[in-house]
Structure formats: structure tokens, C-alpha cells
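S.K.: Just data_19.csv, nothing more (CSV, N, CA and C atoms):
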```
chain,number,residue,atom,x,y,z
A,1,MET,N,-18.1,10.1,-1.6
A,1,MET,CA,-17.0,10.8,-0.9
A,1,MET,C,-16.4,11.8,-1.9
A,2,GLY,N,-15.9,12.9,-1.4
A,2,GLY,CA,-15.2,13.9,-2.3
A,2,GLY,C,-13.7,13.6,-2.4
A,3,MET,N,-13.1,14.4,-3.2
A,3,MET,CA,-11.6,14.1,-3.5
A,3,MET,C,-10.8,14.2,-2.2
A,4,LEU,N,-11.1,15.2,-1.4
A,4,LEU,CA,-10.3,15.4,-0.2
A,4,LEU,C,-10.5,14.2,0.8
A,5,GLU,N,-11.7,13.7,0.9
A,5,GLU,CA,-12.0,12.6,1.8
A,5,GLU,C,-11.3,11.3,1.2
A,6,ASN,N,-11.4,11.1,-0.1
A,6,ASN,CA,-10.7,10.0,-0.7
A,6,ASN,C,-9.2,10.0,-0.5
A,7,MET,N,-8.6,11.2,-0.7
A,7,MET,CA,-7.2,11.3,-0.4
A,7,MET,C,-6.8,11.1,1.0
A,8,ALA,N,-7.7,11.6,1.9
A,8,ALA,CA,-7.4,11.4,3.4
A,8,ALA,C,-7.5,9.9,3.7
A,9,GLU,N,-8.5,9.2,3.2
A,9,GLU,CA,-8.6,7.8,3.5
A,9,GLU,C,-7.4,7.0,2.9
A,10,THR,N,-7.0,7.3,1.7
A,10,THR,CA,-5.8,6.6,1.2
A,10,THR,C,-4.6,6.8,2.0
A,11,ILE,N,-4.3,8.1,2.3
A,11,ILE,CA,-3.1,8.4,3.1
A,11,ILE,C,-3.2,7.8,4.5
A,12,ARG,N,-4.4,7.8,5.1
A,12,ARG,CA,-4.5,7.1,6.4
A,12,ARG,C,-4.2,5.6,6.3
A,13,MET,N,-4.7,5.0,5.3
A,13,MET,CA,-4.4,3.5,5.1
A,13,MET,C,-2.9,3.3,5.0
A,14,LEU,N,-2.3,4.1,4.1
A,14,LEU,CA,-0.8,3.9,3.9
A,14,LEU,C,0.0,4.2,5.1
A,15,LYS,N,-0.4,5.3,5.9
A,15,LYS,CA,0.3,5.6,7.1
A,15,LYS,C,0.1,4.5,8.1
A,16,GLN,N,-1.1,4.0,8.3
A,16,GLN,CA,-1.4,2.9,9.2
A,16,GLN,C,-0.5,1.7,8.9
A,17,TYR,N,-0.5,1.4,7.6
A,17,TYR,CA,0.3,0.2,7.2
A,17,TYR,C,1.8,0.4,7.5
A,18,SER,N,2.3,1.6,7.3
A,18,SER,CA,3.7,1.9,7.6
A,18,SER,C,4.1,1.8,9.0
A,19,GLY,N,3.1,2.0,9.9
A,19,GLY,CA,3.4,1.9,11.4
A,19,GLY,C,4.1,3.1,11.9
A,20,LYS,N,4.2,4.1,11.1
A,20,LYS,CA,5.0,5.3,11.5
A,20,LYS,C,4.2,6.3,12.1
A,21,SER,N,4.8,7.2,12.9
A,21,SER,CA,4.1,8.3,13.5
A,21,SER,C,3.9,9.4,12.4
A,22,VAL,N,3.1,10.4,12.8
A,22,VAL,CA,2.8,11.5,11.9
A,22,VAL,C,4.1,12.1,11.5
A,23,GLY,N,5.0,12.4,12.4
A,23,GLY,CA,6.3,13.0,12.1
A,23,GLY,C,7.1,12.2,11.2
A,24,GLU,N,7.2,10.9,11.4
A,24,GLU,CA,8.0,10.0,10.6
A,24,GLU,C,7.4,9.9,9.2
A,25,PHE,N,6.1,9.8,9.1
A,25,PHE,CA,5.4,9.6,7.8
A,25,PHE,C,5.5,11.0,7.0
A,26,SER,N,5.4,12.1,7.7
A,26,SER,CA,5.5,13.4,7.0
A,26,SER,C,6.9,13.6,6.5
A,27,ALA,N,7.9,13.1,7.2
A,27,ALA,CA,9.3,13.2,6.7
A,27,ALA,C,9.4,12.4,5.4
A,28,ASP,N,8.8,11.2,5.4
A,28,ASP,CA,8.9,10.3,4.2
A,28,ASP,C,8.2,11.0,3.0
A,29,LEU,N,7.2,11.8,3.3
A,29,LEU,CA,6.5,12.5,2.2
A,29,LEU,C,7.0,13.9,1.9
A,30,ASP,N,8.0,14.3,2.7
A,30,ASP,CA,8.7,15.6,2.5
A,30,ASP,C,7.6,16.7,2.7
A,31,ILE,N,6.8,16.6,3.7
A,31,ILE,CA,5.8,17.7,4.0
A,31,ILE,C,5.9,17.8,5.6
A,32,SER,N,5.4,18.9,6.0
A,32,SER,CA,5.4,19.2,7.5
A,32,SER,C,4.3,18.3,8.2
A,33,PRO,N,4.5,18.0,9.4
A,33,PRO,CA,3.5,17.2,10.2
A,33,PRO,C,2.2,17.9,10.2
A,34,SER,N,2.1,19.2,10.3
A,34,SER,CA,0.8,19.9,10.3
A,34,SER,C,0.1,19.8,9.0
A,35,THR,N,0.9,19.8,7.9
A,35,THR,CA,0.2,19.6,6.6
A,35,THR,C,-0.3,18.2,6.5
A,36,LEU,N,0.5,17.2,6.9
A,36,LEU,CA,0.0,15.9,6.9
A,36,LEU,C,-1.3,15.7,7.7
A,37,GLN,N,-1.3,16.3,8.9
A,37,GLN,CA,-2.5,16.3,9.7
A,37,GLN,C,-3.7,16.8,9.0
A,38,GLU,N,-3.5,17.9,8.3
A,38,GLU,CA,-4.6,18.5,7.5
A,38,GLU,C,-5.1,17.5,6.4
A,39,TYR,N,-4.2,16.9,5.7
A,39,TYR,CA,-4.6,15.9,4.7
A,39,TYR,C,-5.3,14.7,5.3
A,40,LEU,N,-4.8,14.2,6.4
A,40,LEU,CA,-5.4,13.1,7.1
A,40,LEU,C,-6.8,13.4,7.6
A,41,SER,N,-7.1,14.6,7.9
A,41,SER,CA,-8.4,15.0,8.4
A,41,SER,C,-9.3,15.4,7.3
A,42,GLY,N,-8.8,15.4,6.0
A,42,GLY,CA,-9.6,15.8,4.9
A,42,GLY,C,-9.9,17.3,4.8
A,43,LYS,N,-9.1,18.1,5.5
A,43,LYS,CA,-9.3,19.5,5.5
A,43,LYS,C,-8.2,20.3,4.8
A,44,GLY,N,-7.2,19.6,4.3
A,44,GLY,CA,-6.2,20.3,3.6
A,44,GLY,C,-6.7,20.7,2.2
A,45,ASN,N,-5.9,21.6,1.6
A,45,ASN,CA,-6.3,22.1,0.3
A,45,ASN,C,-5.1,22.0,-0.6
A,46,PRO,N,-4.7,20.8,-1.0
A,46,PRO,CA,-3.5,20.6,-1.8
A,46,PRO,C,-3.6,21.1,-3.2
A,47,THR,N,-2.5,21.6,-3.7
A,47,THR,CA,-2.4,22.0,-5.2
A,47,THR,C,-2.3,20.7,-6.0
A,48,ILE,N,-2.4,20.9,-7.3
A,48,ILE,CA,-2.2,19.7,-8.2
A,48,ILE,C,-0.8,19.2,-8.1
A,49,SER,N,0.2,20.1,-8.0
A,49,SER,CA,1.5,19.7,-7.9
A,49,SER,C,1.8,18.9,-6.5
A,50,MET,N,1.1,19.3,-5.5
A,50,MET,CA,1.2,18.6,-4.2
A,50,MET,C,0.6,17.2,-4.3
A,51,ILE,N,-0.5,17.1,-5.0
A,51,ILE,CA,-1.2,15.8,-5.2
A,51,ILE,C,-0.2,14.9,-6.0
A,52,GLU,N,0.4,15.4,-7.0
A,52,GLU,CA,1.4,14.7,-7.8
A,52,GLU,C,2.6,14.3,-6.9
A,53,HIS,N,3.0,15.2,-6.1
A,53,HIS,CA,4.2,14.9,-5.2
A,53,HIS,C,3.8,13.8,-4.2
A,54,LEU,N,2.7,13.9,-3.6
A,54,LEU,CA,2.2,12.9,-2.6
A,54,LEU,C,2.1,11.5,-3.3
A,55,ALA,N,1.4,11.5,-4.4
A,55,ALA,CA,1.2,10.3,-5.2
A,55,ALA,C,2.6,9.6,-5.5
A,56,GLU,N,3.5,10.4,-5.9
A,56,GLU,CA,4.8,9.9,-6.2
A,56,GLU,C,5.5,9.3,-4.9
A,57,LYS,N,5.4,10.0,-3.9
A,57,LYS,CA,6.0,9.5,-2.6
A,57,LYS,C,5.3,8.3,-2.1
A,58,LEU,N,4.0,8.2,-2.3
A,58,LEU,CA,3.2,7.1,-1.8
A,58,LEU,C,3.2,5.9,-2.8
A,59,GLY,N,3.7,6.1,-4.0
A,59,GLY,CA,3.8,5.0,-5.0
A,59,GLY,C,2.4,4.7,-5.5
A,60,VAL,N,1.5,5.7,-5.7
A,60,VAL,CA,0.2,5.5,-6.3
A,60,VAL,C,0.0,6.5,-7.4
A,61,ASP,N,-1.0,6.2,-8.2
A,61,ASP,CA,-1.3,7.1,-9.3
A,61,ASP,C,-2.0,8.3,-8.7
A,62,PRO,N,-1.7,9.5,-9.2
A,62,PRO,CA,-2.4,10.7,-8.6
A,62,PRO,C,-3.9,10.6,-8.7
A,63,LEU,N,-4.4,10.1,-9.8
A,63,LEU,CA,-5.9,9.9,-10.0
A,63,LEU,C,-6.5,9.0,-8.9
A,64,ALA,N,-5.8,7.9,-8.7
A,64,ALA,CA,-6.2,6.9,-7.7
A,64,ALA,C,-6.2,7.6,-6.3
A,65,LEU,N,-5.3,8.4,-6.0
A,65,LEU,CA,-5.2,9.1,-4.7
A,65,LEU,C,-6.4,9.9,-4.4
A,66,VAL,N,-6.9,10.7,-5.4
A,66,VAL,CA,-8.0,11.6,-5.2
A,66,VAL,C,-9.4,11.0,-5.6
A,67,SER,N,-9.4,9.9,-6.3
A,67,SER,CA,-10.6,9.3,-6.8
A,67,SER,C,-11.2,8.2,-5.9
A,68,GLY,N,-10.3,7.7,-5.0
A,68,GLY,CA,-10.8,6.7,-4.1
A,68,GLY,C,-10.8,5.3,-4.8
A,69,LYS,N,-10.1,5.2,-5.9
A,69,LYS,CA,-10.1,3.9,-6.6
A,69,LYS,C,-9.2,2.9,-6.0
A,70,ILE,N,-8.6,3.2,-4.9
A,70,ILE,CA,-7.8,2.2,-4.2
A,70,ILE,C,-8.7,1.6,-3.1
A,71,GLU,N,-9.2,0.4,-3.4
A,71,GLU,CA,-10.1,-0.2,-2.4
A,71,GLU,C,-9.4,-0.6,-1.2
A,72,PRO,N,-9.8,-0.3,0.0
A,72,PRO,CA,-9.1,-0.6,1.2
A,72,PRO,C,-8.8,-2.1,1.4
A,73,GLU,N,-9.8,-3.0,1.0
A,73,GLU,CA,-9.6,-4.4,1.1
A,73,GLU,C,-8.6,-4.9,0.2
A,74,LEU,N,-8.6,-4.4,-1.0
A,74,LEU,CA,-7.6,-4.8,-2.0
A,74,LEU,C,-6.2,-4.3,-1.6
A,75,LEU,N,-6.1,-3.1,-1.1
A,75,LEU,CA,-4.8,-2.6,-0.6
A,75,LEU,C,-4.3,-3.4,0.6
A,76,GLN,N,-5.2,-3.8,1.5
A,76,GLN,CA,-4.7,-4.7,2.6
A,76,GLN,C,-4.2,-6.0,2.1
A,77,ILE,N,-4.8,-6.6,1.0
A,77,ILE,CA,-4.3,-7.8,0.5
A,77,ILE,C,-3.0,-7.6,-0.2
A,78,VAL,N,-2.8,-6.5,-0.9
A,78,VAL,CA,-1.5,-6.3,-1.5
A,78,VAL,C,-0.4,-6.1,-0.4
A,79,PHE,N,-0.7,-5.4,0.7
A,79,PHE,CA,0.2,-5.2,1.8
A,79,PHE,C,0.6,-6.6,2.4
A,80,LEU,N,-0.4,-7.4,2.6
A,80,LEU,CA,-0.2,-8.8,3.1
A,80,LEU,C,0.7,-9.6,2.2
A,81,LEU,N,0.5,-9.5,0.9
A,81,LEU,CA,1.4,-10.2,0.0
A,81,LEU,C,2.8,-9.7,0.0
A,82,LEU,N,2.9,-8.4,0.1
A,82,LEU,CA,4.3,-7.8,0.2
A,82,LEU,C,5.0,-8.2,1.4
A,83,ASP,N,4.3,-8.2,2.6
A,83,ASP,CA,4.9,-8.7,3.8
A,83,ASP,C,5.3,-10.2,3.7
A,84,THR,N,4.5,-11.0,3.0
A,84,THR,CA,4.8,-12.4,2.9
A,84,THR,C,6.0,-12.6,2.0
A,85,ILE,N,6.1,-11.8,0.9
A,85,ILE,CA,7.3,-11.9,0.0
A,85,ILE,C,8.5,-11.5,0.8
A,86,GLN,N,8.4,-10.4,1.6
A,86,GLN,CA,9.6,-10.0,2.4
A,86,GLN,C,10.0,-11.1,3.4
A,87,ALA,N,9.0,-11.7,4.0
A,87,ALA,CA,9.3,-12.7,5.0
A,87,ALA,C,10.0,-13.9,4.4
A,88,VAL,N,9.5,-14.3,3.2
A,88,VAL,CA,10.0,-15.5,2.5
A,88,VAL,C,11.4,-15.2,2.0
A,89,ALA,N,11.7,-14.0,1.6
A,89,ALA,CA,13.0,-13.6,1.1
A,89,ALA,C,14.1,-13.7,2.2
A,90,GLY,N,13.6,-13.6,3.5
A,90,GLY,CA,14.6,-13.7,4.6
A,90,GLY,C,14.8,-15.1,5.0
A,91,LEU,N,14.1,-16.1,4.4
A,91,LEU,CA,14.3,-17.5,4.8
A,91,LEU,C,15.6,-18.0,4.2
A,92,PRO,N,16.2,-19.0,4.9
A,92,PRO,CA,17.4,-19.7,4.3
A,92,PRO,C,17.0,-20.4,3.0
A,93,GLN,N,17.9,-20.6,2.1
A,93,GLN,CA,17.6,-21.1,0.8
A,93,GLN,C,16.8,-22.4,0.8
A,94,PRO,N,17.1,-23.4,1.6
A,94,PRO,CA,16.3,-24.6,1.6
A,94,PRO,C,14.8,-24.3,1.9
A,95,ARG,N,14.6,-23.4,2.8
A,95,ARG,CA,13.2,-23.1,3.2
A,95,ARG,C,12.5,-22.3,2.1
A,96,ARG,N,13.2,-21.4,1.5
A,96,ARG,CA,12.6,-20.7,0.3
A,96,ARG,C,12.2,-21.7,-0.8
A,97,LEU,N,13.1,-22.6,-1.0
A,97,LEU,CA,12.8,-23.6,-2.1
A,97,LEU,C,11.6,-24.4,-1.7
A,98,LYS,N,11.4,-24.8,-0.5
A,98,LYS,CA,10.3,-25.6,0.0
A,98,LYS,C,9.0,-24.7,-0.1
A,99,PHE,N,9.1,-23.5,0.2
A,99,PHE,CA,8.0,-22.5,0.1
A,99,PHE,C,7.6,-22.4,-1.4
A,100,ALA,N,8.5,-22.3,-2.3
A,100,ALA,CA,8.3,-22.2,-3.7
A,100,ALA,C,7.6,-23.4,-4.2
A,101,GLU,N,8.0,-24.6,-3.8
A,101,GLU,CA,7.4,-25.9,-4.2
A,101,GLU,C,5.9,-25.9,-3.7
A,102,LEU,N,5.7,-25.6,-2.5
A,102,LEU,CA,4.3,-25.6,-1.9
A,102,LEU,C,3.4,-24.6,-2.6
A,103,PHE,N,4.0,-23.4,-2.9
A,103,PHE,CA,3.2,-22.4,-3.5
A,103,PHE,C,2.9,-22.8,-4.9
A,104,LEU,N,3.8,-23.5,-5.6
A,104,LEU,CA,3.5,-24.0,-7.0
A,104,LEU,C,2.4,-25.0,-6.9
A,105,GLU,N,2.3,-25.8,-5.9
A,105,GLU,CA,1.2,-26.8,-5.8
A,105,GLU,C,-0.1,-26.1,-5.6
A,106,ILE,N,-0.1,-25.0,-4.8
A,106,ILE,CA,-1.4,-24.3,-4.6
A,106,ILE,C,-1.8,-23.6,-5.9
A,107,VAL,N,-0.9,-23.0,-6.6
A,107,VAL,CA,-1.2,-22.4,-7.9
A,107,VAL,C,-1.8,-23.5,-8.9
A,108,GLN,N,-1.2,-24.6,-8.9
A,108,GLN,CA,-1.7,-25.7,-9.8
A,108,GLN,C,-3.1,-26.2,-9.4
A,109,LEU,N,-3.5,-26.1,-8.2
A,109,LEU,CA,-4.8,-26.4,-7.8
A,109,LEU,C,-5.8,-25.4,-8.4
A,110,TRP,N,-5.4,-24.2,-8.7
A,110,TRP,CA,-6.3,-23.2,-9.2
A,110,TRP,C,-6.5,-23.3,-10.7
A,111,GLU,N,-5.5,-24.0,-11.4
A,111,GLU,CA,-5.6,-24.1,-12.8
A,111,GLU,C,-6.9,-24.8,-13.3
A,112,VAL,N,-7.4,-24.3,-14.4
A,112,VAL,CA,-8.6,-24.8,-15.0
A,112,VAL,C,-8.3,-26.1,-15.7
A,113,GLN,N,-9.1,-27.1,-15.3
A,113,GLN,CA,-8.9,-28.4,-16.0
A,113,GLN,C,-9.7,-28.5,-17.3
A,114,ASP,N,-9.0,-29.0,-18.3
A,114,ASP,CA,-9.7,-29.2,-19.6
A,114,ASP,C,-10.7,-30.3,-19.6
```
Output the file's structure in the form of C-alpha cells.

M.R.:
Amino acid sequence: MGMLENMAETIRMLKQYSGKSVGEFSADLDISPSTLQEYLSGKGNPTISMIEHLAEKLGVDPLALVSGKIEPELLQIVFLLLDTIQAVAGLPQPRRLKFAELFLEIVQLWEVQD
């Protein structure tokens, strides 16, 4: 895939995860909806400064944005973890504590035994 296709795929994934419309997502990126549509379709022609701007707004490295180094499966796992953290943060203190205890047990199962 070329740089524009990589960028389009990354932006599509992040837009999909956000659950926002093109208009809402373009507002978050401080670009017009038509410009976002061009980037989503892989037909836009962004400048270097625009790539840097988009990467900053999306919270990714500019090189990762155009190189396709953000693997969709890995990105989905990260999003799932972030959603889980957000959900746990909203729990009452006793339930957060219980979650932390259970999570610690899971982590300990992964530890290498000597």
C-alpha cells in the first residue's frame, strides 16, 4: 500500500472507533468534511504540515500515519484496553478494588516460574 492508502486506513480506523460522523470527526481534526472525505478515500493530497497536524490531532506519530505501521488488530486491542480502563474507572471504589485484585491474579499467572 502507498502512503495515501495507509493514511486513509488509519484515519478510517480511528474514525470508526470514535463513532463520530464525518462532520464531527472533521471538526475534531480541524479540517473540512470534504477534506476528510478525500483523505478517507485515499485521494487527498496532504502537505507535510497537514500530515503533522492530523497526526497530532489523532495522537499518532506522523510516520506511523503514512507508513501503515499501525496494525489494525493491535490498534483494536489498544482501543479495547482503553475502553476497559474507562469502564473500570467508573466503578465504585469497592468494585475497582476487586477488579484490581482479580487483575493482579491474572498477571501473576503469566509470570515465568523459576

S.K.: Using only C-alpha atoms, find the one residue out of A:Ala100, A:Asn6, A:Pro46, A:Leu29 that sits nearest to Val66 (chain A).

M.R.: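 Nearest candidate to Val66 (chain A) out of A:Ala100, A:Asn6, A:Pro46, A:Leu29: A:Asn6.
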
S.K.: What's around Met50 (chain A) at 10 Å? Count only C-alpha atoms, leave out sequence neighbours fewer than 5 positions away in its own chain, and write the answer as a list in words.

M.R.: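 My list of contacting residues is Ile31, Asn45, Ala55, Glu56 and Pro62 of chain A.
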
S.K.: Write out as a PyMOL selection string each polymer residue whose atoms come within 8 Å of Asp28 (chain A), counting all atoms listed in the file; drop sequence neighbours fewer than 6 positions from it.

M.R.: chain A and resi 22+57-58

S.K.: Could you take the residues named above and write them with N, CA and C atoms, as a PDB file, in the frame of the given file?

M.R.:
```pdb
ATOM      1  N   VAL A  22       3.100  10.400  12.800  1.00  0.00           N
ATOM      2  CA  VAL A  22       2.800  11.500  11.900  1.00  0.00           C
ATOM      3  C   VAL A  22       4.100  12.100  11.500  1.00  0.00           C
ATOM      4  N   LYS A  57       5.400  10.000  -3.900  1.00  0.00           N
ATOM      5  CA  LYS A  57       6.000   9.500  -2.600  1.00  0.00           C
ATOM      6  C   LYS A  57       5.300   8.300  -2.100  1.00  0.00           C
ATOM      7  N   LEU A  58       4.000   8.200  -2.300  1.00  0.00           N
ATOM      8  CA  LEU A  58       3.200   7.100  -1.800  1.00  0.00           C
ATOM      9  C   LEU A  58       3.200   5.900  -2.800  1.00  0.00           C
TER      10      LEU A  58
END
```

S.K.: Between A:Val88, A:Ile70, A:Met13, A:Ala8, which has the minimum distance to Gly42 (chain A) (counting only N, CA and C atoms)?

M.R.: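 For Gly42 (chain A), the nearest of the given residues is A:Ala8.
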
S.K.: Would you compute the distance between CA of Leu82 (chain A) and atom C of Tyr17 (chain A)? Give it in Å to one decimal.

M.R.: 11.3 Å

S.K.: Which residues are close to Phe25 (chain A), i.e. within 12 Å by only C-alpha atoms, leaving aside same-chain residues fewer than 2 positions away? Reply as a list of chain:residue names.

M.R.: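 Residues near the query, excluding close chain neighbours: A:Ile11, A:Arg12, A:Met13, A:Leu14, A:Lys15, A:Gln16, A:Tyr17, A:Ser18, A:Gly19, A:Lys20, A:Ser21, A:Val22, A:Gly23, A:Ala27, A:Asp28, A:Leu29, A:Asp30, A:Ile31, A:Ser32, A:Pro33, A:Ser34, A:Thr35, A:Leu36, A:Gln37, A:Leu40, A:Leu54, A:Lys57, A:Leu58.
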
S.K.: Using atom C of Glu38 (chain A) and CA of Gly2 (chain A) as the two end points, give the distance in Å to one decimal.

M.R.: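 Here the two named atoms are 13.8 Å from each other.
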
S.K.: Can you list, as an MDAnalysis selection string, all residues belonging to chain A that DSSP tags as alpha helix (DSSP H)?

M.R.: chainID A and resid 3:18 22:29 33:40 48:58 62:67 72:89 93:110

S.K.: Looking at only N, CA and C atoms, which of A:Gly90, A:Glu24, A:Leu75, A:Leu4 is the one that sits closest to Gly44 (chain A)?

M.R.: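 Nearest to Gly44 (chain A): A:Leu4.
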
S.K.: By how many Å are CA of Ser41 (chain A) and CA of Val60 (chain A) apart?

M.R.: 19.5 Å
